[in-house]
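Below: coords_32.txt (compact mmCIF, C-alpha atoms)
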```txt
# COMPACT_ATOMS: atom_id res chain seq x y z
CA MET A 122 -35.18 5.94 2.03
CA SER A 123 -31.57 6.87 1.25
CA LEU A 124 -29.11 6.26 4.06
CA VAL A 125 -26.97 9.24 3.06
CA PRO A 126 -28.31 11.60 5.76
CA ARG A 127 -28.12 8.91 8.43
CA ILE A 128 -24.56 7.87 7.57
CA LYS A 129 -23.39 11.48 7.35
CA GLU A 130 -25.04 12.17 10.71
CA LEU A 131 -23.25 9.20 12.29
CA ALA A 132 -19.90 10.10 10.66
CA ALA A 133 -20.21 13.57 12.21
CA LYS A 134 -21.33 12.14 15.55
CA PHE A 135 -18.33 9.80 15.75
CA ALA A 136 -15.84 12.24 14.17
CA GLY A 137 -14.30 13.15 17.52
CA ASP A 138 -13.79 9.47 18.37
CA THR A 139 -12.24 8.82 14.97
CA VAL A 140 -9.84 11.73 15.42
CA ASN A 141 -8.91 10.47 18.87
CA ASP A 142 -8.26 7.00 17.49
CA ARG A 143 -6.06 8.44 14.78
CA ARG A 144 -4.10 10.58 17.24
CA TYR A 145 -3.54 7.64 19.57
CA LEU A 146 -2.31 5.46 16.71
CA HIS A 147 -0.13 8.25 15.35
CA ALA A 148 1.51 8.77 18.73
CA ASN A 149 2.10 5.05 19.21
CA PRO A 150 3.35 3.73 15.86
CA GLU A 151 4.76 0.26 15.37
CA LEU A 152 6.88 -1.13 12.56
CA SER A 153 5.80 -3.81 10.10
CA PHE A 154 4.92 -7.14 11.73
CA GLU A 155 5.49 -5.60 15.18
CA GLU A 156 1.97 -4.14 15.55
CA PHE A 157 1.13 -6.02 18.74
CA ASN A 158 -0.25 -3.04 20.69
CA THR A 159 -2.03 -1.71 17.60
CA CYS A 160 -3.61 -5.12 17.05
CA ARG A 161 -4.84 -5.19 20.64
CA TYR A 162 -6.13 -1.61 20.43
CA VAL A 163 -8.12 -2.30 17.26
CA ALA A 164 -9.53 -5.59 18.54
CA ASP A 165 -10.61 -3.99 21.83
CA LYS A 166 -12.33 -1.17 19.95
CA LEU A 167 -14.24 -3.53 17.68
CA ARG A 168 -15.39 -5.62 20.63
CA SER A 169 -16.54 -2.46 22.41
CA PHE A 170 -18.77 -1.75 19.39
CA GLY A 171 -20.29 -5.23 19.75
CA ILE A 172 -18.57 -6.56 16.63
CA GLU A 173 -17.51 -10.21 16.35
CA THR A 174 -13.70 -10.03 16.34
CA GLN A 175 -10.76 -12.34 15.64
CA GLU A 176 -7.43 -11.09 16.97
CA GLY A 177 -3.93 -12.24 15.97
CA VAL A 178 -4.63 -13.23 12.36
CA ALA A 179 -1.21 -13.64 10.71
CA ASP A 180 0.15 -12.77 14.19
CA THR A 181 -0.78 -9.06 14.29
CA GLY A 182 -3.86 -8.76 12.08
CA VAL A 183 -7.48 -8.31 13.13
CA VAL A 184 -10.70 -9.40 11.40
CA GLY A 185 -14.19 -8.26 12.34
CA LEU A 186 -17.61 -9.29 11.05
CA ILE A 187 -20.61 -6.97 10.90
CA LYS A 188 -23.70 -8.99 10.09
CA GLY A 189 -26.81 -7.37 8.69
CA ARG A 190 -30.11 -9.04 7.92
CA ASN A 191 -29.75 -12.30 5.98
CA PRO A 192 -25.95 -12.33 6.62
CA ASP A 193 -25.15 -15.02 4.03
CA LYS A 194 -26.75 -13.16 1.13
CA LYS A 195 -23.59 -11.29 0.12
CA ILE A 196 -20.23 -10.75 1.79
CA ILE A 197 -17.78 -7.95 1.07
CA ALA A 198 -14.54 -6.88 2.76
CA LEU A 199 -13.11 -3.52 3.80
CA ARG A 200 -9.37 -3.27 4.38
CA ALA A 201 -7.00 -1.03 6.37
CA ASP A 202 -3.27 -1.40 7.06
CA MET A 203 -1.72 -0.69 10.47
CA ASP A 204 2.10 -0.49 10.28
CA ALA A 205 4.37 2.55 10.43
CA LEU A 206 7.74 3.48 8.91
CA PRO A 207 11.31 3.82 10.30
CA ILE A 208 11.26 7.63 10.07
CA ILE A 209 12.02 10.27 12.73
CA GLU A 210 8.96 12.56 12.90
CA ALA A 211 9.64 16.29 12.46
CA ASN A 212 6.10 17.53 13.17
CA ASP A 213 5.54 19.56 16.34
CA VAL A 214 2.03 18.37 17.20
CA PRO A 215 0.41 17.05 20.40
CA TYR A 216 0.12 13.59 18.83
CA LYS A 217 3.76 13.39 17.67
CA SER A 218 5.24 9.91 17.71
CA LYS A 219 6.38 8.72 21.13
CA ASN A 220 8.45 5.94 19.56
CA GLU A 221 11.71 7.50 18.45
CA GLY A 222 12.56 6.63 14.87
CA VAL A 223 9.10 5.25 14.07
CA MET A 224 6.37 7.32 12.41
CA HIS A 225 3.03 6.92 10.70
CA ALA A 226 4.33 8.70 7.61
CA CYS A 227 2.17 6.86 5.08
CA GLY A 228 -1.25 7.41 6.63
CA HIS A 229 -1.88 3.93 7.96
CA ASP A 230 -3.07 5.52 11.20
CA VAL A 231 -5.66 7.29 9.04
CA HIS A 232 -6.69 4.09 7.29
CA THR A 233 -7.09 2.20 10.56
CA SER A 234 -8.94 4.92 12.44
CA SER A 235 -11.14 5.63 9.44
CA LEU A 236 -12.13 1.97 9.17
CA LEU A 237 -12.84 1.94 12.91
CA GLY A 238 -15.12 4.92 12.29
CA SER A 239 -16.81 3.07 9.44
CA ALA A 240 -17.26 0.05 11.73
CA ARG A 241 -19.02 2.23 14.32
CA ILE A 242 -21.38 3.53 11.65
CA LEU A 243 -22.06 0.17 10.04
CA GLN A 244 -22.77 -1.48 13.36
CA GLU A 245 -25.36 1.23 14.07
CA VAL A 246 -27.15 0.74 10.72
CA ARG A 247 -26.76 -3.05 10.39
CA ASP A 248 -30.54 -3.52 10.41
CA SER A 249 -30.68 -1.41 7.23
CA PHE A 250 -28.71 -3.77 4.97
CA GLU A 251 -28.51 -7.43 4.05
CA GLY A 252 -25.29 -9.39 4.04
CA THR A 253 -22.01 -9.31 5.96
CA ILE A 254 -19.16 -6.82 6.00
CA LYS A 255 -15.74 -8.25 6.77
CA LEU A 256 -13.32 -5.79 8.35
CA VAL A 257 -9.67 -6.55 7.54
CA PHE A 258 -7.00 -4.76 9.59
CA GLN A 259 -3.71 -6.08 8.25
CA PRO A 260 -0.09 -5.76 9.36
CA GLY A 261 3.07 -5.19 7.39
CA GLU A 262 2.10 -3.31 4.24
CA GLU A 263 5.46 -1.56 4.13
CA LYS A 264 7.67 -4.64 4.15
CA ILE A 265 8.07 -7.62 1.81
CA PRO A 266 6.41 -10.15 1.70
CA GLY A 267 3.53 -7.81 2.64
CA GLY A 268 0.94 -8.41 5.30
CA ALA A 269 -1.78 -8.85 2.68
CA SER A 270 -0.10 -11.99 1.36
CA LEU A 271 0.13 -13.40 4.89
CA MET A 272 -3.49 -12.53 5.68
CA ILE A 273 -4.56 -14.35 2.51
CA LYS A 274 -2.52 -17.40 3.52
CA ALA A 275 -4.18 -17.22 6.95
CA GLY A 276 -7.58 -17.48 5.23
CA VAL A 277 -8.89 -13.93 5.38
CA LEU A 278 -10.61 -14.40 2.01
CA GLN A 279 -12.41 -17.51 3.28
CA ASN A 280 -14.89 -18.44 6.02
CA PRO A 281 -16.80 -16.37 5.06
CA ALA A 282 -15.51 -15.59 1.58
CA PRO A 283 -16.08 -12.02 0.36
CA VAL A 284 -16.98 -11.45 -3.28
CA ASN A 285 -14.91 -8.28 -3.36
CA ILE A 286 -12.69 -6.05 -1.23
CA ILE A 287 -12.43 -2.27 -0.92
CA GLY A 288 -9.48 -0.25 0.38
CA GLN A 289 -8.67 3.42 0.71
CA HIS A 290 -5.35 5.24 0.99
CA VAL A 291 -4.45 8.83 1.77
CA MET A 292 -3.25 11.08 -1.04
CA PRO A 293 -1.63 14.40 -0.05
CA ALA A 294 -2.03 15.80 -3.58
CA ILE A 295 -5.85 15.76 -3.23
CA PRO A 296 -7.59 18.32 -0.97
CA ALA A 297 -9.46 17.00 2.05
CA GLY A 298 -13.12 16.37 1.25
CA LYS A 299 -12.31 14.84 -2.14
CA VAL A 300 -11.54 11.29 -3.23
CA GLY A 301 -10.05 9.74 -6.36
CA PHE A 302 -10.77 6.60 -8.39
CA ARG A 303 -9.14 4.81 -11.32
CA SER A 304 -10.45 1.77 -13.15
CA GLY A 305 -8.19 -1.01 -14.40
CA MET A 306 -4.40 -0.82 -14.06
CA TYR A 307 -3.49 1.56 -11.26
CA MET A 308 -0.29 0.76 -9.31
CA ALA A 309 2.91 -1.01 -10.27
CA SER A 310 4.53 -4.20 -9.12
CA ALA A 311 7.76 -3.56 -7.21
CA ASP A 312 10.78 -5.85 -7.16
CA GLU A 313 14.13 -5.29 -5.49
CA ILE A 314 17.31 -6.00 -7.46
CA TYR A 315 20.57 -6.93 -5.77
CA VAL A 316 23.70 -7.36 -7.89
CA THR A 317 27.24 -8.27 -6.86
CA VAL A 318 29.89 -7.87 -9.55
CA LYS A 319 33.19 -9.60 -8.84
CA GLY A 320 36.51 -8.90 -10.53
CA LYS A 321 40.13 -8.60 -9.50
CA GLY A 322 41.23 -5.49 -7.69
CA GLY A 323 44.58 -3.81 -7.69
CA HIS A 324 46.46 -0.60 -8.37
CA ALA A 325 44.49 1.80 -10.54
CA ALA A 326 47.63 2.73 -12.46
CA MET A 327 47.92 -0.85 -13.74
CA PRO A 328 44.50 -1.60 -15.28
CA ASP A 329 45.92 -4.42 -17.39
CA LYS A 330 46.61 -6.36 -14.20
CA ASN A 331 43.03 -5.98 -12.91
CA ILE A 332 39.53 -7.07 -13.81
CA ASP A 333 37.70 -3.86 -13.03
CA PRO A 334 34.30 -4.57 -11.39
CA ILE A 335 33.41 -0.86 -11.46
CA LEU A 336 33.65 -0.79 -15.24
CA ILE A 337 31.74 -4.07 -15.50
CA ALA A 338 28.98 -2.83 -13.18
CA SER A 339 28.71 0.41 -15.14
CA HIS A 340 28.22 -1.50 -18.37
CA ILE A 341 25.58 -3.66 -16.69
CA ILE A 342 23.60 -0.67 -15.43
CA ILE A 343 23.58 0.98 -18.85
CA ALA A 344 22.84 -2.24 -20.74
CA LEU A 345 19.94 -3.21 -18.50
CA GLN A 346 18.09 -0.08 -19.56
CA GLN A 347 17.79 -1.72 -22.99
CA ILE A 348 15.52 -4.33 -21.39
CA VAL A 349 13.00 -1.57 -20.82
CA SER A 350 13.57 0.48 -23.97
CA ARG A 351 13.92 -2.36 -26.48
CA ASN A 352 12.00 -5.33 -25.05
CA CYS A 353 9.01 -3.86 -23.23
CA ASP A 354 5.85 -2.86 -25.10
CA PRO A 355 6.19 0.96 -25.29
CA LYS A 356 2.53 1.30 -24.26
CA LEU A 357 3.21 -0.54 -20.99
CA PRO A 358 4.56 1.50 -18.05
CA CYS A 359 7.89 0.11 -16.87
CA VAL A 360 10.64 1.55 -14.67
CA LEU A 361 14.13 0.27 -13.88
CA SER A 362 16.19 2.44 -11.51
CA PHE A 363 19.34 1.87 -9.50
CA GLY A 364 19.77 3.86 -6.32
CA LYS A 365 22.80 2.25 -4.71
CA PHE A 366 26.30 1.64 -6.09
CA ILE A 367 29.00 0.63 -3.59
CA ALA A 368 32.61 0.29 -4.75
CA ASN A 369 34.92 0.59 -1.77
CA GLY A 370 38.09 1.43 -3.62
CA ALA A 371 40.03 4.68 -3.65
CA THR A 372 41.43 7.16 -6.17
CA ASN A 373 44.21 4.71 -6.93
CA VAL A 374 42.63 1.43 -5.83
CA VAL A 375 40.33 -0.79 -7.89
CA PRO A 376 38.20 -2.94 -5.54
CA ASN A 377 37.56 -6.66 -5.90
CA GLU A 378 33.80 -6.29 -6.08
CA VAL A 379 30.93 -3.84 -6.52
CA LYS A 380 27.42 -4.04 -5.13
CA ILE A 381 24.48 -2.33 -6.81
CA GLU A 382 20.81 -2.23 -5.81
CA GLY A 383 17.74 -1.06 -7.64
CA THR A 384 14.03 -1.40 -8.26
CA PHE A 385 12.02 -2.77 -11.17
CA ARG A 386 8.37 -1.82 -11.60
CA THR A 387 5.70 -2.56 -14.19
CA LEU A 388 1.99 -3.28 -14.63
CA ASP A 389 1.95 -6.66 -16.34
CA GLU A 390 2.75 -9.93 -14.57
CA LYS A 391 3.91 -11.83 -17.67
CA TRP A 392 6.30 -9.09 -18.73
CA ARG A 393 7.49 -8.80 -15.14
CA LYS A 394 8.58 -12.45 -15.12
CA ASP A 395 10.14 -12.25 -18.59
CA ALA A 396 12.07 -9.11 -17.66
CA HIS A 397 13.57 -10.76 -14.58
CA ALA A 398 15.02 -13.55 -16.73
CA LYS A 399 16.30 -11.16 -19.41
CA MET A 400 18.01 -8.87 -16.88
CA LYS A 401 19.72 -11.75 -15.10
CA LYS A 402 21.00 -13.28 -18.33
CA MET A 403 22.26 -9.95 -19.69
CA ALA A 404 24.07 -9.00 -16.48
CA GLU A 405 25.75 -12.39 -16.13
CA CYS A 406 26.82 -12.49 -19.77
CA ILE A 407 28.30 -8.96 -19.65
CA ALA A 408 30.28 -9.80 -16.54
CA GLU A 409 31.54 -13.07 -18.02
CA GLY A 410 32.45 -11.38 -21.30
CA MET A 411 34.56 -8.83 -19.43
CA GLY A 412 36.33 -11.47 -17.36
CA GLY A 413 34.35 -11.12 -14.15
CA GLU A 414 31.40 -12.70 -12.39
CA CYS A 415 27.93 -11.48 -11.51
CA GLU A 416 25.49 -12.62 -8.85
CA PHE A 417 22.07 -11.27 -9.87
CA THR A 418 19.19 -11.59 -7.41
CA VAL A 419 15.61 -10.39 -7.77
CA LEU A 420 13.57 -10.18 -4.58
CA ASN A 421 9.97 -10.42 -5.72
CA GLY A 422 7.85 -7.69 -4.21
CA TYR A 423 4.17 -6.89 -4.63
CA PRO A 424 2.29 -7.63 -7.87
CA TYR A 425 0.66 -4.86 -9.86
CA LEU A 426 -2.62 -3.49 -8.59
CA ARG A 427 -5.69 -3.66 -10.81
CA ASN A 428 -9.04 -2.13 -9.91
CA GLU A 429 -11.86 -4.28 -11.27
CA PRO A 430 -13.67 -1.97 -13.73
CA GLU A 431 -17.31 -2.80 -12.94
CA LEU A 432 -16.81 -2.64 -9.17
CA THR A 433 -14.79 0.57 -9.45
CA GLY A 434 -17.42 2.15 -11.66
CA ARG A 435 -20.15 1.36 -9.13
CA LEU A 436 -18.14 2.67 -6.20
CA LYS A 437 -17.25 5.86 -8.04
CA SER A 438 -20.96 6.41 -8.72
CA PHE A 439 -21.81 5.73 -5.05
CA ALA A 440 -19.09 8.19 -3.99
CA THR A 441 -20.54 10.83 -6.30
CA ASP A 442 -23.95 10.36 -4.68
CA PHE A 443 -22.40 10.76 -1.22
CA LEU A 444 -19.88 13.56 -1.80
CA GLY A 445 -21.06 15.31 -4.95
CA GLU A 446 -19.58 15.10 -8.43
CA GLU A 447 -17.17 17.97 -7.76
CA ASN A 448 -15.51 15.97 -4.97
CA VAL A 449 -14.78 12.80 -6.94
CA VAL A 450 -11.73 13.00 -9.20
CA ASP A 451 -10.01 10.71 -11.70
CA LEU A 452 -6.58 9.30 -10.84
CA ASP A 453 -3.60 8.75 -13.13
CA LEU A 454 -1.38 5.67 -13.19
CA TRP A 455 0.86 5.46 -10.12
CA MET A 456 4.22 3.68 -10.29
CA ALA A 457 4.41 3.24 -6.53
CA SER A 458 3.33 -0.13 -5.18
CA GLU A 459 0.91 -1.45 -2.54
CA ASP A 460 0.41 -4.90 -1.09
CA PHE A 461 -3.36 -4.45 -1.52
CA ALA A 462 -2.42 -5.72 -5.00
CA TYR A 463 -2.36 -9.26 -3.58
CA TYR A 464 -6.10 -9.02 -2.93
CA THR A 465 -6.69 -7.71 -6.46
CA GLN A 466 -5.02 -10.84 -7.85
CA GLN A 467 -7.49 -13.04 -5.92
CA ILE A 468 -10.91 -11.35 -6.01
CA ASP A 469 -12.60 -8.26 -7.45
CA ALA A 470 -11.15 -5.22 -5.71
CA CYS A 471 -11.08 -1.43 -5.69
CA PHE A 472 -8.40 0.76 -4.13
CA TYR A 473 -9.26 4.45 -4.06
CA ARG A 474 -7.65 7.61 -2.68
CA LEU A 475 -8.70 9.85 0.19
CA GLY A 476 -7.70 13.50 -0.03
CA VAL A 477 -5.94 14.86 3.08
CA ARG A 478 -4.38 18.14 1.85
CA ASN A 479 -4.99 21.58 3.36
CA GLU A 480 -2.73 24.25 1.89
CA ALA A 481 -4.11 26.97 4.16
CA LYS A 482 -2.78 25.04 7.18
CA GLY A 483 0.47 24.06 5.43
CA ILE A 484 -0.55 20.39 5.31
CA ILE A 485 1.08 19.60 1.99
CA SER A 486 3.91 17.10 2.69
CA GLY A 487 4.04 13.85 0.78
CA VAL A 488 3.92 10.39 2.29
CA HIS A 489 7.15 8.80 3.56
CA THR A 490 8.45 12.19 4.70
CA PRO A 491 9.11 13.30 8.33
CA THR A 492 6.62 16.20 8.00
CA PHE A 493 3.67 14.21 6.64
CA ASP A 494 0.37 15.04 8.35
CA ILE A 495 -3.29 15.28 7.40
CA GLU A 496 -6.26 17.61 7.54
CA GLU A 497 -8.23 15.69 10.15
CA SER A 498 -11.64 16.54 8.67
CA ALA A 499 -10.69 13.92 6.07
CA LEU A 500 -11.35 11.28 8.74
CA GLU A 501 -15.06 12.10 8.78
CA THR A 502 -15.10 11.94 4.99
CA GLY A 503 -13.20 8.65 4.93
CA SER A 504 -15.23 6.87 7.60
CA GLY A 505 -18.58 8.02 6.24
CA LEU A 506 -17.77 7.28 2.62
CA MET A 507 -16.46 3.77 3.25
CA ALA A 508 -19.57 2.93 5.26
CA TRP A 509 -21.74 4.28 2.44
CA LEU A 510 -19.81 2.32 -0.20
CA ALA A 511 -20.16 -0.90 1.80
CA VAL A 512 -23.91 -0.56 2.32
CA ASN A 513 -24.51 0.21 -1.35
CA GLU A 514 -22.22 -2.54 -2.60
CA LEU A 515 -24.09 -5.10 -0.52
CA GLY A 516 -27.28 -3.99 -2.19
CA SER A 517 -25.91 -3.96 -5.75
```
Entire entry expressed as structure tokens:
Amino acid sequence: MSLVPRIKELAAKFAGDTVNDRRYLHANPELSFEEFNTCRYVADKLRSFGIETQEGVADTGVVGLIKGRNPDKKIIALRADMDALPIIEANDVPYKSKNEGVMHACGHDVHTSSLLGSARILQEVRDSFEGTIKLVFQPGEEKIPGGASLMIKAGVLQNPAPVNIIGQHVMPAIPAGKVGFRSGMYMASADEIYVTVKGKGGHAAMPDKNIDPILIASHIIIALQQIVSRNCDPKLPCVLSFGKFIANGATNVVPNEVKIEGTFRTLDEKWRKDAHAKMKKMAECIAEGMGGECEFTVLNGYPYLRNEPELTGRLKSFATDFLGEENVVDLDLWMASEDFAYYTQQIDACFYRLGVRNEAKGIISGVHTPTFDIEESALETGSGLMAWLAVNELGS
């Protein structure tokens, strides 16, 4: 017999608890790698469900194990992230952040509470499936080096080792009740670029006496765009943008140095590495050729995120069975980044999107904004669907 009715019944039964969990987490956000209270809250909840729980993985992560019949037959993992952002919340809601300057503006409160809801459901139906479901609640998604990388180093993909991992993330562009999938390349790598251009400052009316770092930095910014336009395969998405240019001179003062910062994103690891080397060489050579110096630093961020096609195809089909074809949409490439990508570089993985939009209620703000919020009925959808996907994937 299909478990759809049973899982939907349990998702509805626990919906109030899932909403309460989300509201508690939203009101008590913690920054990346500071999720000590969140870690304790999640661990206590899992233990109250009767789930075997390990607290303090990579300091503030939590891992739970739900064992069905024949627990060694197949092992899969479900992942949620728990950290918040340094944003002052502008929403006037009963569950508004109590921690000034910290806000769950990217939906990690949704991911965590939804996975807690899925855990409740899966623990109830554990006699209906074979295998083990590993629950991964990770810290620090919003901050390099990314909590996923630290959880992997701490052994989250071992003992027991899952064959694949599934994650979901809110998407304000999709109405609540719907979800989105994309197979193959989905999200970009994200590296931070820090450049210091040094010259010789002086009076702006005597340019021949100076080595102008502003002019040098300007040439570097323009020239680096050629790395993308003339070296990258035009079929491969690639973005190079600079958002910070500091030159503390004046109308008649040329400074000694300029600092610029930017981001580089793509969806191919080989090209990513090659581009780093090409950018560094070009920037240094331009500065030297104009009489200055350049310190070019790339802070490696998250790799690109790839959804394994066969796994993603199965999960999309399972989601269609659970929600109906009209509620499962196709996603486009997304040049934002996610540390879930670290898992996708290690094992088969699928990262899908949970719709949280409700235009009638004015719930339309994007993530990383002070007015971000969700249609809370999405929590019932998210918890029920992830439980359904896990049960079906164990049986595939």
Next on the checklist: Using all atoms listed in the file and a cutoff of 12 Å, can you tell me which residues are near (-26.6, 10.0, -4.6) in the file's coordinates, and write them out as a ChimeraX atom specification?
Outcome noted: /A:122-126,435-446,506,509-510,513
Item to check | Nearest-residue call for Val291 of chain A, choices A:His232, A:Lys319, A:Lys330, A:Lys255, using all atoms listed in the file | outcome: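 Ranked by minimum distance to Val291 of chain A, first place goes to A:His232.
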Next on the checklist: Using only C-alpha atoms, can you tell me which of A:Pro281, A:Gly323, A:Pro328, A:Gly476 comes closest to Lys194 of chain A?
Outcome noted: A:Pro281
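Here atom CA of Leu500 of chain A and atom CA of Gly228 of chain A stand 11.0 Å from one another.
Considering only C-alpha atoms, the residue among A:Ala511, A:Ile341, A:Asn421, A:Gln259 positioned nearest to Leu271 of chain A is A:Gln259.
You can rank A:Gly305, A:Gly298, A:Ile407, A:Ala326 by their closest distance to Ala344 of chain A using all atoms listed in the file, and at the top of that list sits A:Ile407.
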Checklist entry - Which one is closest to Ala462 of chain A: A:Tyr307, A:Trp392, A:Phe154, A:Phe170? Count all atoms listed in the file. => result A:Tyr307
Checklist entry - Quick one: distance from atom CA of Ala201 of chain A to atom CA of Gly483 of chain A in Å, one decimal? => result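 Going from atom CA of Ala201 of chain A over to atom CA of Gly483 of chain A covers 26.2 Å.
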Item to check | Non-local contacts of Tyr145 of chain A (10 Å; all atoms listed in the file; under 3 positions in same chain excluded) as a ChimeraX atom specification | outcome: /A:139-142,148-150,159,162,216-218,230,234
Checklist entry - Around (8.2, 5.1, 13.2) in the file's frame, which residues reach within 9 Å when counting all atoms listed in the file? Return as an MDAnalysis selection string? => result chainID A and resid 149:152 204:210 218:226
Item to check | Pick from A:Lys482, A:Lys129, A:His397, A:His489 nearest to Ile242 of chain A, counting all atoms listed in the file | outcome: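 Of A:Lys482, A:Lys129, A:His397, A:His489, the one nearest Ile242 of chain A, counting all atoms listed in the file, is A:Lys129.
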Checklist entry - For the atom pair atom CA of Leu186 of chain A and atom CA of Pro430 of chain A, what is the interatomic distance in Å to one decimal place? => result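 Going from atom CA of Leu186 of chain A over to atom CA of Pro430 of chain A covers 26.1 Å.
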